[in-house]
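final-v4.tsv follows (TSV, C-alpha atoms):
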chain	number	residue	atom	x	y	z
A	1	MET	CA	49.70	79.89	133.77
A	2	THR	CA	49.01	76.57	132.12
A	3	GLY	CA	50.98	73.46	132.96
A	4	PRO	CA	52.69	71.02	130.61
A	5	VAL	CA	50.44	69.54	127.95
A	6	VAL	CA	50.10	65.77	128.05
A	7	THR	CA	49.53	64.11	124.68
A	8	ARG	CA	48.13	60.61	124.23
A	9	ILE	CA	49.59	58.68	121.30
A	10	ALA	CA	48.19	55.46	119.82
A	11	LEU	CA	50.50	53.09	117.92
A	12	GLY	CA	49.91	50.23	115.49
A	13	VAL	CA	52.60	47.60	116.03
A	14	SER	CA	53.44	44.33	114.29
A	15	TYR	CA	55.80	41.65	115.59
A	16	ASN	CA	57.02	38.12	115.15
A	17	GLY	CA	56.50	36.65	118.61
A	18	ARG	CA	58.73	33.62	118.26
A	19	ALA	CA	61.68	35.13	120.15
A	20	TYR	CA	59.65	36.74	122.95
A	21	GLU	CA	57.96	35.74	126.19
A	22	GLY	CA	54.67	37.23	125.06
A	23	TRP	CA	53.54	40.84	125.07
A	24	GLN	CA	53.31	41.75	128.74
A	25	SER	CA	56.37	43.20	130.46
A	26	GLN	CA	58.27	40.78	132.71
A	27	ARG	CA	61.20	41.05	135.06
A	28	GLY	CA	63.57	39.48	132.53
A	29	GLY	CA	62.81	42.23	130.04
A	30	HIS	CA	62.40	39.94	127.03
A	31	THR	CA	58.85	40.70	125.95
A	32	VAL	CA	57.43	42.78	123.11
A	33	GLN	CA	56.20	45.43	125.53
A	34	ASP	CA	59.64	45.67	127.13
A	35	LYS	CA	61.34	46.17	123.75
A	36	LEU	CA	58.74	48.72	122.63
A	37	GLU	CA	58.95	50.80	125.81
A	38	GLN	CA	62.75	50.73	125.74
A	39	ALA	CA	62.74	51.99	122.15
A	40	LEU	CA	60.15	54.70	122.83
A	41	THR	CA	62.13	55.88	125.85
A	42	ARG	CA	65.41	55.94	123.91
A	43	PHE	CA	63.81	57.94	121.12
A	44	GLY	CA	62.18	60.38	123.54
A	45	ALA	CA	65.43	60.64	125.52
A	46	VAL	CA	63.66	62.49	128.35
A	47	GLU	CA	61.17	60.35	130.25
A	48	PRO	CA	60.41	56.63	130.69
A	49	ILE	CA	57.42	55.72	128.52
A	50	LYS	CA	54.89	53.10	129.58
A	51	THR	CA	52.31	51.60	127.24
A	52	VAL	CA	48.87	50.02	127.48
A	53	CYS	CA	47.90	47.47	124.81
A	54	ALA	CA	44.64	46.34	123.23
A	55	GLY	CA	45.20	42.64	123.92
A	56	ARG	CA	48.05	40.74	125.53
A	57	THR	CA	49.53	37.88	123.50
A	58	ASP	CA	51.31	34.77	124.79
A	59	SER	CA	54.83	33.56	124.17
A	60	GLY	CA	55.28	32.64	120.50
A	61	VAL	CA	52.12	34.43	119.34
A	62	HIS	CA	52.50	37.04	116.59
A	63	GLY	CA	50.88	40.45	116.13
A	64	LEU	CA	49.86	42.04	112.84
A	65	MET	CA	48.33	45.12	114.42
A	66	GLN	CA	48.66	45.33	118.14
A	67	VAL	CA	47.45	48.74	119.28
A	68	ALA	CA	49.05	50.43	122.25
A	69	HIS	CA	48.78	53.89	123.72
A	70	PHE	CA	50.97	56.04	125.95
A	71	ASP	CA	50.97	59.52	127.43
A	72	THR	CA	53.86	61.92	126.93
A	73	LEU	CA	54.90	65.53	127.48
A	74	LEU	CA	57.12	65.37	124.40
A	75	GLU	CA	56.25	67.23	121.22
A	76	ARG	CA	56.88	64.96	118.23
A	77	ASP	CA	54.96	64.64	114.98
A	78	GLU	CA	53.29	61.32	114.23
A	79	ASN	CA	55.77	60.20	111.58
A	80	ALA	CA	58.66	60.97	113.89
A	81	TRP	CA	57.30	58.54	116.48
A	82	VAL	CA	57.22	55.86	113.79
A	83	ARG	CA	60.61	56.44	112.19
A	84	GLY	CA	62.44	57.40	115.35
A	85	THR	CA	61.21	54.52	117.50
A	86	ASN	CA	61.70	51.91	114.78
A	87	ALA	CA	65.38	52.86	114.69
A	88	PHE	CA	65.70	51.45	118.22
A	89	LEU	CA	63.51	48.35	117.79
A	90	PRO	CA	64.76	44.86	116.90
A	91	GLU	CA	64.08	43.75	113.34
A	92	ASP	CA	61.12	41.54	114.33
A	93	ILE	CA	59.09	44.41	115.85
A	94	ALA	CA	57.90	47.47	113.89
A	95	ILE	CA	55.60	50.44	114.45
A	96	HIS	CA	53.44	51.02	111.36
A	97	TRP	CA	51.51	54.11	112.41
A	98	ALA	CA	51.15	56.66	115.21
A	99	ARG	CA	48.15	58.90	115.86
A	100	ARG	CA	47.35	61.59	118.38
A	101	VAL	CA	44.16	60.57	120.18
A	102	ASP	CA	41.85	62.10	122.74
A	103	SER	CA	42.75	61.58	126.39
A	104	GLY	CA	39.62	59.44	126.75
A	105	PHE	CA	40.90	56.89	124.24
A	106	HIS	CA	42.07	53.60	125.75
A	107	ALA	CA	43.73	50.94	123.58
A	108	ARG	CA	41.93	48.14	125.46
A	109	GLY	CA	38.85	49.81	126.88
A	110	SER	CA	37.83	51.58	123.66
A	111	ALA	CA	37.92	48.40	121.56
A	112	ARG	CA	34.56	47.12	120.33
A	113	SER	CA	35.99	43.71	119.48
A	114	ARG	CA	39.24	41.86	118.82
A	115	ARG	CA	40.36	39.72	115.89
A	116	TYR	CA	42.71	36.74	115.61
A	117	ALA	CA	43.77	34.43	112.81
A	118	TYR	CA	45.30	30.99	113.10
A	119	VAL	CA	47.35	29.73	110.13
A	120	LEU	CA	47.67	25.95	109.96
A	121	PHE	CA	49.95	23.94	107.66
A	122	GLU	CA	48.61	20.52	106.61
A	123	SER	CA	51.41	18.26	105.37
A	124	PRO	CA	53.01	14.86	106.09
A	125	VAL	CA	56.27	16.79	106.61
A	126	ARG	CA	56.77	19.49	109.25
A	127	PRO	CA	57.13	23.16	108.20
A	128	SER	CA	60.61	24.46	107.40
A	129	VAL	CA	60.64	27.85	105.63
A	130	ASP	CA	57.76	29.07	107.80
A	131	ALA	CA	58.75	27.20	110.97
A	132	GLY	CA	57.52	29.08	114.01
A	133	GLN	CA	54.97	31.00	111.95
A	134	VAL	CA	52.37	28.29	111.29
A	135	GLY	CA	50.76	25.50	113.25
A	136	TRP	CA	51.18	22.01	111.81
A	137	VAL	CA	49.02	18.90	111.35
A	138	PHE	CA	50.06	15.78	109.41
A	139	ARG	CA	46.61	14.19	109.19
A	140	PRO	CA	44.19	15.47	106.50
A	141	LEU	CA	41.39	17.78	107.65
A	142	ALA	CA	37.82	18.08	106.38
A	143	LEU	CA	36.30	21.54	106.05
A	144	ALA	CA	32.57	20.84	106.51
A	145	PRO	CA	32.75	19.26	110.01
A	146	MET	CA	34.97	22.09	111.27
A	147	VAL	CA	32.63	24.76	109.88
A	148	GLN	CA	29.68	23.04	111.56
A	149	ALA	CA	31.54	22.83	114.88
A	150	ALA	CA	32.73	26.44	114.75
A	151	GLY	CA	29.14	27.56	114.16
A	152	ALA	CA	28.14	26.13	117.53
A	153	LEU	CA	30.44	28.65	119.23
A	154	LEU	CA	28.91	31.77	117.68
A	155	GLY	CA	27.01	34.08	119.99
A	156	GLU	CA	27.35	34.75	123.70
A	157	HIS	CA	28.43	31.75	125.77
A	158	ASP	CA	30.28	30.69	128.87
A	159	PHE	CA	33.65	29.60	127.40
A	160	THR	CA	35.01	28.01	130.58
A	161	SER	CA	35.86	24.81	128.66
A	162	PHE	CA	38.31	26.81	126.55
A	163	ARG	CA	39.80	28.87	129.37
A	164	ALA	CA	43.34	28.42	130.72
A	165	ALA	CA	43.69	27.81	134.44
A	166	GLN	CA	45.76	30.99	134.81
A	167	CYS	CA	43.20	33.19	133.01
A	168	GLN	CA	42.58	36.46	134.88
A	169	ALA	CA	39.38	37.51	133.10
A	170	ARG	CA	36.57	38.45	135.44
A	171	SER	CA	34.00	36.43	133.51
A	172	PRO	CA	34.19	33.42	131.16
A	173	VAL	CA	31.20	34.78	129.20
A	174	LYS	CA	32.26	36.19	125.83
A	175	HIS	CA	30.47	36.95	122.57
A	176	LEU	CA	32.00	35.26	119.52
A	177	LEU	CA	30.99	37.38	116.55
A	178	ARG	CA	32.69	35.53	113.72
A	179	ALA	CA	34.45	32.23	113.03
A	180	GLU	CA	35.55	31.67	109.43
A	181	ILE	CA	37.60	28.82	107.97
A	182	THR	CA	39.24	28.91	104.54
A	183	ARG	CA	41.90	26.90	102.75
A	184	ARG	CA	44.62	27.85	100.28
A	185	GLY	CA	46.65	24.87	99.14
A	186	ALA	CA	48.28	23.27	102.16
A	187	TYR	CA	47.40	26.22	104.39
A	188	TRP	CA	44.26	26.61	106.47
A	189	ARG	CA	43.20	29.96	107.89
A	190	PHE	CA	40.89	30.16	110.89
A	191	GLU	CA	39.71	33.69	111.68
A	192	PHE	CA	37.90	34.70	114.87
A	193	GLU	CA	36.36	37.93	116.12
A	194	ALA	CA	34.89	38.37	119.59
A	195	SER	CA	34.08	41.00	122.18
A	196	ALA	CA	37.14	39.71	124.03
A	197	PHE	CA	39.04	36.44	124.41
A	198	LEU	CA	40.00	34.33	127.40
A	199	HIS	CA	43.58	33.20	128.00
A	200	HIS	CA	44.36	30.35	125.52
A	201	MET	CA	40.75	30.46	124.29
A	202	ILE	CA	41.61	30.28	120.58
A	203	ARG	CA	44.35	27.69	121.02
A	204	ASN	CA	41.93	25.50	122.97
A	205	ILE	CA	39.23	25.95	120.33
A	206	MET	CA	41.80	25.06	117.67
A	207	GLY	CA	42.63	21.81	119.46
A	208	CYS	CA	38.96	20.84	119.34
A	209	LEU	CA	38.47	21.93	115.72
A	210	ILE	CA	41.45	19.87	114.60
A	211	ALA	CA	40.18	16.78	116.44
A	212	ILE	CA	36.88	17.24	114.59
A	213	GLY	CA	38.53	18.00	111.27
A	214	ASN	CA	40.66	14.85	111.31
A	215	GLY	CA	37.69	12.67	112.22
A	216	SER	CA	38.71	11.87	115.80
A	217	ARG	CA	35.53	13.55	117.07
A	218	PRO	CA	32.14	14.35	115.46
A	219	PRO	CA	31.08	17.99	114.91
A	220	GLU	CA	28.48	17.69	117.69
A	221	TRP	CA	31.27	17.19	120.20
A	222	MET	CA	32.00	20.94	120.13
A	223	THR	CA	28.57	21.66	121.61
A	224	GLU	CA	29.15	19.05	124.31
A	225	VAL	CA	32.49	20.63	125.22
A	226	LEU	CA	30.99	24.12	125.33
A	227	GLN	CA	28.07	23.06	127.52
A	228	ALA	CA	30.27	21.08	129.92
A	229	ARG	CA	31.97	24.26	131.13
A	230	SER	CA	35.01	22.23	132.10
A	231	ARG	CA	38.50	22.48	130.68
A	232	LYS	CA	38.98	18.75	131.36
A	233	VAL	CA	36.64	17.71	128.54
A	234	ALA	CA	38.25	19.75	125.76
A	235	ALA	CA	41.24	18.91	123.55
A	236	PRO	CA	44.80	19.83	124.60
A	237	THR	CA	45.92	23.41	124.01
A	238	PHE	CA	47.27	23.73	120.47
A	239	SER	CA	50.58	25.32	119.45
A	240	PRO	CA	50.94	29.14	119.63
A	241	GLU	CA	53.08	29.29	116.49
A	242	GLY	CA	50.31	29.89	113.96
A	243	LEU	CA	48.35	32.40	116.04
A	244	TYR	CA	48.21	36.04	114.94
A	245	PHE	CA	46.57	38.95	116.73
A	246	LEU	CA	44.93	40.92	113.92
A	247	GLY	CA	44.13	43.76	116.27
A	248	PRO	CA	41.17	45.51	117.85
A	249	VAL	CA	38.15	47.05	116.14
A	250	TYR	CA	37.33	50.62	117.16
A	251	ASP	CA	34.58	53.09	116.36
A	252	PRO	CA	35.31	54.31	112.80
A	253	ALA	CA	34.86	57.87	114.06
A	254	LEU	CA	38.25	57.58	115.76
A	255	GLY	CA	39.90	57.41	112.36
A	256	LEU	CA	42.45	54.76	113.34
A	257	PRO	CA	43.81	52.34	110.71
A	258	GLU	CA	42.16	48.92	110.62
A	259	ARG	CA	45.16	47.02	109.27
A	260	THR	CA	48.87	47.18	108.48
A	261	PRO	CA	50.79	45.89	105.43
A	262	ALA	CA	51.71	42.87	107.55
A	263	PHE	CA	48.20	41.52	106.90
A	264	ASP	CA	48.93	40.95	103.23
A	265	TRP	CA	51.28	37.98	103.49
A	266	LEU	CA	48.95	35.63	105.38
A	267	PRO	CA	47.23	32.91	103.29

With the file now loaded, output its structure as structure tokens.
Amino acid sequence: MTGPVVTRIALGVSYNGRAYEGWQSQRGGHTVQDKLEQALTRFGAVEPIKTVCAGRTDSGVHGLMQVAHFDTLLERDENAWVRGTNAFLPEDIAIHWARRVDSGFHARGSARSRRYAYVLFESPVRPSVDAGQVGWVFRPLALAPMVQAAGALLGEHDFTSFRAAQCQARSPVKHLLRAEITRRGAYWRFEFEASAFLHHMIRNIMGCLIAIGNGSRPPEWMTEVLQARSRKVAAPTFSPEGLYFLGPVYDPALGLPERTPAFDWLP
């Protein structure tokens, strides 16, 4: 006789992180992971469901395509996991897709790289309509110095200078694959892709890029900060409000979606 069949399900999830204490489950129960697992369990109505994500996000950080997986004995079709679970989720969290995956798939371990975007609002007046969804600077920024500085970070480096004290990564060495900066009206978009990111790494890079963009520091300062391997020499950690986890990149052979409709509203 064969035993119960365990199915592994991968999910693509978007969320507005403003109301939550980050992704990772905490005792207070007010994180994105807590809300997702509660909704999955209520929909399944049989067993508690625990998830593993592709990349944990901090308090106030948003997700356009967080990927999480879980194992279950329940038999549900993919669309049912989407529709049924969304019925129990708060309005600022939504599952966009569900896929059955091989038992060897791991939301974090199978990722080839991870992508983030930071949306920055440049204006003498603070944001209002998009408060909590964009970072804000009131001093004008220059594109060329920031592009030059970002280029110094490409490749494999020790990113200790951009690492939070509470970071739990085993190594500060990461490979930054892409750093692109574009502007649309008052909105700047900074997009990063790396093998993995350290805790607060992008927010610390953003603090340095903004100091360079507003003329407080020269572009060459970024190289000095990187080579110092000391958090003390870098700029203060910038706001989480404009940071978006765009999601992981997997082997195309897995057939998982690369984006959700939530991508389309960003500048």

Per residue of stretch 92-128 of chain A within 10 Å of stretch 202-217 of chain A, which atom pair is closest and at what distance in Å (one decimal), using all atoms listed in the file, listed by chain and increasing number, as JSON lines?
{"residue": "A:Tyr116", "atom": "CA", "partner": "A:Ile202", "partner_atom": "CA", "distance": 8.2}
{"residue": "A:Ala117", "atom": "CA", "partner": "A:Ile202", "partner_atom": "CA", "distance": 9.1}
{"residue": "A:Tyr118", "atom": "CA", "partner": "A:Met206", "partner_atom": "CA", "distance": 8.3}
{"residue": "A:Leu120", "atom": "CA", "partner": "A:Met206", "partner_atom": "CA", "distance": 9.7}

>> With distances taken over all atoms listed in the file, which residue among A:Gln133, A:Gln66, A:Ser230, A:Ser171 lies nearest A:Ala94?
In response: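 Between A:Gln133, A:Gln66, A:Ser230, A:Ser171, the residue approaching A:Ala94 most closely is A:Gln66.
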
> For A:Trp265, which residue among A:Leu64, A:Val173, A:Arg178, A:Ser128 is the nearest when counting only C-alpha atoms?
Replying inline: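 Of all the options, A:Leu64 lies closest to A:Trp265.
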
> Using all atoms listed in the file, which of the listed residues (A:Ala150, A:Leu198, A:Ala262, A:Ala10) sits closest to A:Gly104?
Replying inline: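 Closest to A:Gly104 of all the choices is A:Ala10.
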
> Hey, which of A:Pro257, A:Thr7, A:Thr57, A:Ala68 ends up closest to A:Arg108? Count all atoms listed in the file.
Replying inline: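 Residue with the minimum atom-to-atom distance to A:Arg108: A:Ala68.
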
> Quick one, how far is atom CA of A:Thr85 from atom CA of A:Leu11?
Replying inline: 10.8 Å

> So which one's closest to A:Ala164, A:Ala228, A:Met65, A:Met201, A:Leu254? Using all atoms listed in the file, please.
Replying inline: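 Of A:Ala228, A:Met65, A:Met201, A:Leu254, the one nearest A:Ala164 is A:Met201, counting all atoms listed in the file.
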
Set the distance at 9 Å and use only C-alpha atoms: which residues neighbour A:Glu21 once local chain neighbours fewer than 2 positions away are removed? I'd like the list as a short mmCIF file (atom, residue, chain, number, x, y, z; two decimals) with C-alpha atoms, keeping the file's coordinate frame.
data_model
loop_
_atom_site.label_atom_id
_atom_site.label_comp_id
_atom_site.auth_asym_id
_atom_site.auth_seq_id
_atom_site.Cartn_x
_atom_site.Cartn_y
_atom_site.Cartn_z
CA GLY A 17 56.50 36.65 118.61
CA ARG A 18 58.73 33.62 118.26
CA ALA A 19 61.68 35.13 120.15
CA TRP A 23 53.54 40.84 125.07
CA GLN A 24 53.31 41.75 128.74
CA SER A 25 56.37 43.20 130.46
CA GLN A 26 58.27 40.78 132.71
CA GLY A 29 62.81 42.23 130.04
CA HIS A 30 62.40 39.94 127.03
CA THR A 31 58.85 40.70 125.95
CA VAL A 32 57.43 42.78 123.11
CA ASP A 58 51.31 34.77 124.79
CA SER A 59 54.83 33.56 124.17
CA GLY A 60 55.28 32.64 120.50
#

> Between A:Ile9, A:Glu122, A:Arg114, A:Phe105, which is the closest to A:His69 once you count all atoms listed in the file?
Replying inline: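 Under the stated criterion, the closest residue is A:Ile9.
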
>> Tell me which residues come within 12 Å of (47.3, 61.8, 121.2), as a ChimeraX atom specification, counting all atoms listed in the file in the file's coordinates.
In response: /A:5-11,68-78,81,98-107,254,256

>> Between atom CA of A:Thr160 and atom CA of A:Phe238, what distance in Å does the model show, to one decimal?
In response: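 Separating atom CA of A:Thr160 from atom CA of A:Phe238 is a distance of 16.5 Å.
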
> Excluding same-chain residues fewer than 6 positions from A:His199, what lies within 8 Å of it counting only C-alpha atoms, as a count of residues only?
Replying inline: 6

> Which polymer residues have any atom within 12 Å of an atom of A:Ser14, counting all atoms listed in the file, with same-chain residues fewer than 6 positions away left out, as an MDAnalysis selection string?
Replying inline: chainID A and resid 23 32:33 36 57 61:68 86 89:97 244:247 259:263

> Can you tell me how far atom CA of A:Tyr250 sits from atom CA of A:Ala54, in Å to one decimal?
Replying inline: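 So the two atoms, atom CA of A:Tyr250 and atom CA of A:Ala54, lie 10.4 Å apart.
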
>> Give me the residues near A:Pro124 as number ranges by chain, where near means some atom within 9 Å (using all atoms listed in the file) and where sequence neighbours in that chain fewer than 2 positions away do not count.
In response: A: 122, 126, 137-140

Dump C-alpha atoms for the selected residues as a PDB file, keeping the file's coordinate frame?
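again-v4.pdb, freshly written:
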ATOM      1  CA  GLU A 122      48.610  20.520 106.610  1.00  0.00           C
ATOM      2  CA  ARG A 126      56.770  19.490 109.250  1.00  0.00           C
ATOM      3  CA  VAL A 137      49.020  18.900 111.350  1.00  0.00           C
ATOM      4  CA  PHE A 138      50.060  15.780 109.410  1.00  0.00           C
ATOM      5  CA  ARG A 139      46.610  14.190 109.190  1.00  0.00           C
ATOM      6  CA  PRO A 140      44.190  15.470 106.500  1.00  0.00           C
TER       7      PRO A 140
END
